[in-house]
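Asks: First the structure, which I've put down as structure tokens, then a few questions once you've had a look.
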Amino acid sequence: MDSQSSRQAVFRFAPSPNGLLHLGHAYSALLNHDLARKTAGRFLLRIEDIDTARCRPEYEEAIHRDLRWLGITWEEPVRRQSEHFPFYQQALENLIDRGLAYPSFLSRGEVRERVERCEAAGGTWPRDPDGAPCYPTEERTLDRPRAERWIAEGRQHAWRLDMEAAIAAARDRLAGRPLGWTDTGCGPQGETGTIAARPERWGDIILSRPDAPSSYHLSVTLDDALQGVTHVVRGRDLFNATAVHRLLQVLLDLPEPAYHHHGLVLGDDGRKLSKSNRDTGIAAYRDKGLSPADLRLLFARDGLVLDGLRLG
Ligand code: GLU
């Protein structure tokens, strides 16, 4: 990991308490923690609990318990995103005022219907890097007074980024510099080094939902900046999301951290581990009598090395 400058490095582990931490989380948390110790940097724990319907206090307690068992210590107080909605709202209003975000009213069913109609007619509906259909763009130009009336009437709506307008605005700010990031890890297609960001692949991403007045992309970007995170070290599954985070950083005048997307711990079936599978939960290994040192050996066997950043 580069020691870019004399400023103290700040690492973070940012789980969502919507299930039990699994081996992949243990790896990510230990990696961030060890890097912070090795560089005389800081290590932060952040609880990403904006999805108040799916996040539960017992999972949050389990995060603390599992991390403590791994021998990880973090700074207090821990930032809990659900306590900071007005902060994220402010940034959303900034984007709305600049004409970069719009209210969207289509239900899931209405979106599905459009996708099916398009595909039945032989068309190709754009899908985001996670494989989900992109949101239709038709509401970008929705008559504003009408949208405001609907909102005043209490119609459910989300706020979305107008991706086209956002990219154009970022281009102006970048004045000829490309939108991208430096990755010392390795992306899903083996990408490493200077990566060209392609946020357009995500379509009009959500910024705030009826049941959560923020979104993952918005709150993670704002908090990394607010907390002075210098190194974002996280799983390869979030590699593509970084394009959106870089776009928001440019639009909101936030600093660019260094990125490292590490390899994932995979299950026996070669797939990503799931939070709902108790067998691969950290607690299950602890209950089987394994020690944190055993887990470190397991990661090394999988080519995931905590020490020298040799990552599979
Ligand atoms: N909260 C996200 C998760 O649990 C991770 C966010 C990040 O590391 O950027 O998947």
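Letters for chains follow the order of the structure tokens (A, B, ...), residue numbers begin at 1 for each chain, and ligand numbers begin at 1 in the order shown.
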Please identify all protein, DNA and RNA residues within 6 Å of ligand 1, counting only C-alpha atoms and all ligand atoms, and report them as an mmCIF file with N, CA and C atoms, in the first residue's frame.

Replies:
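Generated output (part_27.cif):
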data_model
loop_
_atom_site.group_PDB
_atom_site.id
_atom_site.type_symbol
_atom_site.label_atom_id
_atom_site.label_comp_id
_atom_site.auth_asym_id
_atom_site.auth_seq_id
_atom_site.Cartn_x
_atom_site.Cartn_y
_atom_site.Cartn_z
ATOM 1 N N ALA A 14 -16.818 -1.098 7.211
ATOM 2 C CA ALA A 14 -18.149 -0.464 7.235
ATOM 3 C C ALA A 14 -19.264 -1.471 6.957
ATOM 4 N N PRO A 15 -19.523 -2.367 7.890
ATOM 5 C CA PRO A 15 -20.548 -3.388 7.640
ATOM 6 C C PRO A 15 -21.979 -2.861 7.838
ATOM 7 N N SER A 16 -22.912 -3.552 7.223
ATOM 8 C CA SER A 16 -24.336 -3.269 7.444
ATOM 9 C C SER A 16 -24.886 -4.356 8.372
ATOM 10 N N GLU A 48 -23.264 0.804 8.807
ATOM 11 C CA GLU A 48 -24.045 1.322 7.670
ATOM 12 C C GLU A 48 -25.473 0.779 7.760
ATOM 13 N N ARG A 234 -11.788 -2.699 0.431
ATOM 14 C CA ARG A 234 -13.038 -3.460 0.528
ATOM 15 C C ARG A 234 -13.066 -4.530 -0.548
#

Asks: As a count of residues only, which residues of segment 32-188 of chain A does DSSP assign to strand (DSSP E)?

Replies: 20

Asks: When you look at Tyr102 of chain A with a cut-off of 12 Å (counting only C-alpha atoms), what residues show up, excluding the ones that are within fewer than 6 positions of it in the same chain? I need them as number ranges by chain.

Replies: A: 92-96, 137-144, 147-148, 151, 157-163, 165-166, 204-208

Asks: Keeping only N, CA and C atoms, write the selected residues to a file as a compact mmCIF listing (two decimals), in the first residue's frame.

Replies:
# COMPACT_ATOMS: atom_id res chain seq x y z
N LEU A 92 -28.14 15.78 -0.79
CA LEU A 92 -29.18 15.49 -1.79
C LEU A 92 -29.79 16.81 -2.27
N GLU A 93 -30.09 17.70 -1.32
CA GLU A 93 -30.69 18.98 -1.72
C GLU A 93 -29.77 19.78 -2.62
N ASN A 94 -28.50 19.70 -2.36
CA ASN A 94 -27.51 20.36 -3.21
C ASN A 94 -27.62 19.83 -4.65
N LEU A 95 -27.72 18.52 -4.78
CA LEU A 95 -27.82 17.91 -6.13
C LEU A 95 -29.15 18.29 -6.79
N ILE A 96 -30.22 18.33 -5.99
CA ILE A 96 -31.54 18.71 -6.53
C ILE A 96 -31.48 20.15 -7.04
N THR A 137 -35.46 6.17 -17.88
CA THR A 137 -35.01 7.57 -17.79
C THR A 137 -36.14 8.56 -18.06
N GLU A 138 -37.36 8.04 -18.31
CA GLU A 138 -38.44 8.92 -18.78
C GLU A 138 -38.81 10.03 -17.78
N GLU A 139 -38.57 9.81 -16.48
CA GLU A 139 -38.99 10.82 -15.51
C GLU A 139 -37.98 11.97 -15.34
N ARG A 140 -36.85 11.85 -16.04
CA ARG A 140 -35.89 12.97 -15.97
C ARG A 140 -36.54 14.27 -16.41
N THR A 141 -37.47 14.13 -17.35
CA THR A 141 -38.07 15.34 -17.93
C THR A 141 -39.51 15.56 -17.46
N LEU A 142 -39.87 14.90 -16.38
CA LEU A 142 -41.24 15.04 -15.85
C LEU A 142 -41.49 16.51 -15.51
N ASP A 143 -42.66 16.98 -15.89
CA ASP A 143 -43.04 18.36 -15.61
C ASP A 143 -42.90 18.66 -14.10
N ARG A 144 -42.08 19.65 -13.75
CA ARG A 144 -41.73 19.90 -12.36
C ARG A 144 -42.92 20.26 -11.45
N ALA A 147 -44.78 17.15 -10.68
CA ALA A 147 -44.06 16.31 -9.71
C ALA A 147 -44.22 16.89 -8.30
N GLU A 148 -44.14 18.21 -8.20
CA GLU A 148 -44.27 18.83 -6.88
C GLU A 148 -45.67 18.63 -6.30
N ILE A 151 -45.89 15.12 -5.00
CA ILE A 151 -45.18 15.00 -3.71
C ILE A 151 -46.04 15.58 -2.59
N HIS A 157 -42.28 8.49 -3.46
CA HIS A 157 -41.28 8.77 -4.50
C HIS A 157 -39.88 8.56 -3.94
N ALA A 158 -38.97 8.34 -4.87
CA ALA A 158 -37.55 8.27 -4.50
C ALA A 158 -36.87 9.43 -5.23
N TRP A 159 -35.65 9.74 -4.83
CA TRP A 159 -34.86 10.73 -5.60
C TRP A 159 -33.76 9.97 -6.31
N ARG A 160 -33.57 10.30 -7.57
CA ARG A 160 -32.56 9.62 -8.38
C ARG A 160 -31.61 10.62 -9.01
N LEU A 161 -30.40 10.14 -9.25
CA LEU A 161 -29.41 10.97 -9.92
C LEU A 161 -29.71 10.93 -11.42
N ASP A 162 -29.77 12.09 -12.05
CA ASP A 162 -29.87 12.13 -13.51
C ASP A 162 -28.44 11.88 -14.02
N MET A 163 -28.18 10.63 -14.36
CA MET A 163 -26.81 10.22 -14.65
C MET A 163 -26.19 11.02 -15.80
N ALA A 165 -26.94 14.13 -16.80
CA ALA A 165 -26.64 15.49 -16.35
C ALA A 165 -25.46 15.48 -15.37
N ALA A 166 -25.42 14.45 -14.53
CA ALA A 166 -24.35 14.37 -13.52
C ALA A 166 -22.98 14.19 -14.18
N ASP A 204 -29.69 5.69 -13.64
CA ASP A 204 -30.07 6.74 -12.68
C ASP A 204 -30.18 6.15 -11.28
N ILE A 205 -29.08 6.11 -10.58
CA ILE A 205 -29.04 5.45 -9.26
C ILE A 205 -29.92 6.20 -8.25
N ILE A 206 -30.33 5.46 -7.26
CA ILE A 206 -31.18 6.01 -6.21
C ILE A 206 -30.34 6.78 -5.20
N LEU A 207 -30.87 7.91 -4.75
CA LEU A 207 -30.16 8.73 -3.75
C LEU A 207 -30.90 8.77 -2.43
N SER A 208 -32.21 8.55 -2.52
CA SER A 208 -33.03 8.55 -1.30
C SER A 208 -34.31 7.79 -1.60

Asks: Tell me which of A:Ala196, A:Arg42, A:Arg146, A:Asp51 sits closest to Arg177 of chain A, counting only C-alpha atoms.

Replies: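 Ranked by minimum distance to Arg177 of chain A, first place goes to A:Ala196.
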
Asks: Set the distance at 10 Å and use only C-alpha atoms: which residues neighbour segment 290-305 of chain A once local chain neighbours fewer than 6 positions away are removed? I'd like the list as number ranges by chain.

Replies: A: 23-24, 26-27, 30-31, 69-71, 262-266, 282-284, 311-312

Asks: So how many Å separate atom CA of Thr192 of chain A and atom CA of Glu256 of chain A, to one decimal?

Replies: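 Atom CA of Thr192 of chain A sits 16.8 Å away from atom CA of Glu256 of chain A.
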
Asks: Nearest to Gly228 of chain A among A:Ala91, A:Val244, A:Ala169, A:Ala258, with distances taken over only C-alpha atoms: which residue is it?

Replies: A:Ala258

Asks: Tell me which of A:Lys38, A:Ala132, A:Gly19, A:Pro86 sits closest to Ala62 of chain A, counting only C-alpha atoms.

Replies: A:Gly19

Asks: Per DSSP on the backbone, what are the helix (DSSP H, G or I) residues of segment 52-299 of chain A, as a PyMOL selection string?

Replies: chain A and resi 57-70+81-83+85-97+108-120+138-141+144-152+163-174+199-202+216-226+236-238+242-251+278-280+282-287+292-299

Asks: Rank A:Gly109, A:Gly289, A:Pro257, A:Gly203 by their smallest atom-to-atom distance to Gly180 of chain A, using only C-alpha atoms, and report the top residue only.

Replies: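 Going through A:Gly109, A:Gly289, A:Pro257, A:Gly203 one by one, the smallest distance to Gly180 of chain A is for A:Pro257.
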
Asks: Near Gly267 of chain A, counting only C-alpha atoms, which residues have an atom at most 12 Å away, once you skip same-chain residues fewer than 2 positions from it, shown as a PyMOL selection string?

Replies: chain A and resi 22-24+264-265+269-275+277+279-281+302

Asks: Taking all heavy atoms for each residue, export the selection above as a compact mmCIF listing (two decimals), in the first residue's frame.

Replies:
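This is the output file result23.txt:
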# COMPACT_ATOMS: atom_id res chain seq x y z
N HIS A 22 -19.63 -12.88 7.94
CA HIS A 22 -19.06 -14.18 7.54
C HIS A 22 -17.54 -14.05 7.37
O HIS A 22 -16.95 -13.00 7.67
CB HIS A 22 -19.75 -14.71 6.29
CG HIS A 22 -19.78 -13.75 5.12
ND1 HIS A 22 -18.64 -13.21 4.58
CD2 HIS A 22 -20.82 -13.24 4.41
CE1 HIS A 22 -18.97 -12.43 3.59
NE2 HIS A 22 -20.28 -12.41 3.45
N LEU A 23 -16.93 -15.12 6.88
CA LEU A 23 -15.47 -15.15 6.76
C LEU A 23 -14.93 -14.00 5.91
O LEU A 23 -13.85 -13.48 6.15
CB LEU A 23 -15.03 -16.46 6.12
CG LEU A 23 -14.89 -17.67 7.03
CD1 LEU A 23 -14.21 -18.79 6.27
CD2 LEU A 23 -14.09 -17.32 8.28
N GLY A 24 -15.69 -13.64 4.87
CA GLY A 24 -15.26 -12.54 4.00
C GLY A 24 -15.16 -11.23 4.77
O GLY A 24 -14.23 -10.44 4.58
N LEU A 264 -12.22 -12.05 -2.83
CA LEU A 264 -13.31 -12.46 -1.96
C LEU A 264 -13.06 -13.87 -1.43
O LEU A 264 -12.43 -14.69 -2.10
CB LEU A 264 -14.63 -12.46 -2.74
CG LEU A 264 -15.04 -11.13 -3.37
CD1 LEU A 264 -16.33 -11.31 -4.17
CD2 LEU A 264 -15.23 -10.04 -2.31
N VAL A 265 -13.56 -14.10 -0.24
CA VAL A 265 -13.54 -15.46 0.28
C VAL A 265 -14.76 -16.15 -0.32
O VAL A 265 -15.88 -15.66 -0.18
CB VAL A 265 -13.65 -15.46 1.82
CG1 VAL A 265 -13.62 -16.88 2.36
CG2 VAL A 265 -12.53 -14.62 2.44
N ASP A 269 -18.90 -23.84 -3.14
CA ASP A 269 -19.51 -23.85 -4.47
C ASP A 269 -18.91 -22.77 -5.37
O ASP A 269 -19.39 -22.54 -6.49
CB ASP A 269 -21.03 -23.65 -4.35
CG ASP A 269 -21.37 -22.38 -3.55
OD1 ASP A 269 -20.44 -21.66 -3.13
OD2 ASP A 269 -22.58 -22.10 -3.35
N GLY A 270 -17.88 -22.07 -4.87
CA GLY A 270 -17.21 -21.05 -5.68
C GLY A 270 -17.96 -19.73 -5.71
O GLY A 270 -17.59 -18.81 -6.41
N ARG A 271 -19.04 -19.64 -4.90
CA ARG A 271 -19.82 -18.40 -4.91
C ARG A 271 -19.52 -17.55 -3.69
O ARG A 271 -18.98 -18.03 -2.70
CB ARG A 271 -21.32 -18.74 -4.96
CG ARG A 271 -21.59 -19.73 -6.04
CD ARG A 271 -22.82 -19.59 -6.84
NE ARG A 271 -23.87 -18.73 -6.41
CZ ARG A 271 -25.16 -19.07 -6.54
NH1 ARG A 271 -25.47 -20.26 -6.98
NH2 ARG A 271 -26.11 -18.24 -6.21
N LYS A 272 -19.92 -16.27 -3.81
CA LYS A 272 -19.75 -15.32 -2.72
C LYS A 272 -20.49 -15.81 -1.48
O LYS A 272 -21.57 -16.39 -1.61
CB LYS A 272 -20.40 -14.00 -3.18
CG LYS A 272 -19.60 -12.77 -2.95
CD LYS A 272 -20.32 -11.59 -3.55
CE LYS A 272 -21.20 -10.91 -2.54
NZ LYS A 272 -21.82 -9.68 -3.03
N LEU A 273 -19.93 -15.58 -0.31
CA LEU A 273 -20.62 -16.02 0.91
C LEU A 273 -21.84 -15.13 1.17
O LEU A 273 -21.87 -13.98 0.76
CB LEU A 273 -19.67 -15.95 2.11
CG LEU A 273 -18.41 -16.82 2.02
CD1 LEU A 273 -17.57 -16.65 3.28
CD2 LEU A 273 -18.77 -18.28 1.82
N SER A 274 -22.81 -15.71 1.87
CA SER A 274 -24.01 -14.93 2.15
C SER A 274 -24.16 -14.74 3.65
O SER A 274 -23.82 -15.62 4.45
CB SER A 274 -25.21 -15.66 1.56
OG SER A 274 -26.33 -15.50 2.39
N LYS A 275 -24.71 -13.58 4.02
CA LYS A 275 -24.89 -13.28 5.44
C LYS A 275 -25.94 -14.18 6.09
O LYS A 275 -26.05 -14.26 7.29
CB LYS A 275 -25.34 -11.83 5.59
CG LYS A 275 -24.21 -10.86 5.67
CD LYS A 275 -24.77 -9.48 5.90
CE LYS A 275 -23.65 -8.47 6.06
NZ LYS A 275 -24.10 -7.11 5.88
N ASN A 277 -26.22 -17.41 5.61
CA ASN A 277 -25.75 -18.77 5.85
C ASN A 277 -24.95 -18.82 7.15
O ASN A 277 -23.81 -18.38 7.21
CB ASN A 277 -24.88 -19.22 4.66
CG ASN A 277 -24.38 -20.64 4.83
OD1 ASN A 277 -24.59 -21.26 5.86
ND2 ASN A 277 -23.71 -21.15 3.81
N ASP A 279 -23.53 -21.19 8.62
CA ASP A 279 -22.35 -22.08 8.63
C ASP A 279 -21.04 -21.36 8.33
O ASP A 279 -19.98 -21.79 8.74
CB ASP A 279 -22.52 -23.18 7.57
CG ASP A 279 -23.64 -24.11 7.94
OD1 ASP A 279 -24.08 -24.03 9.10
OD2 ASP A 279 -24.07 -24.90 7.08
N THR A 280 -21.12 -20.27 7.55
CA THR A 280 -19.88 -19.56 7.22
C THR A 280 -19.75 -18.29 8.06
O THR A 280 -18.88 -17.45 7.81
CB THR A 280 -19.81 -19.21 5.72
OG1 THR A 280 -21.03 -18.54 5.37
CG2 THR A 280 -19.61 -20.45 4.87
N GLY A 281 -20.64 -18.14 9.04
CA GLY A 281 -20.56 -16.98 9.93
C GLY A 281 -19.33 -17.10 10.83
O GLY A 281 -18.90 -18.21 11.16
N ASP A 302 -6.17 -19.80 0.97
CA ASP A 302 -6.98 -19.37 -0.18
C ASP A 302 -6.26 -18.33 -1.04
O ASP A 302 -6.85 -17.77 -1.95
CB ASP A 302 -8.31 -18.76 0.30
CG ASP A 302 -9.30 -19.86 0.65
OD1 ASP A 302 -8.96 -21.03 0.48
OD2 ASP A 302 -10.40 -19.51 1.11
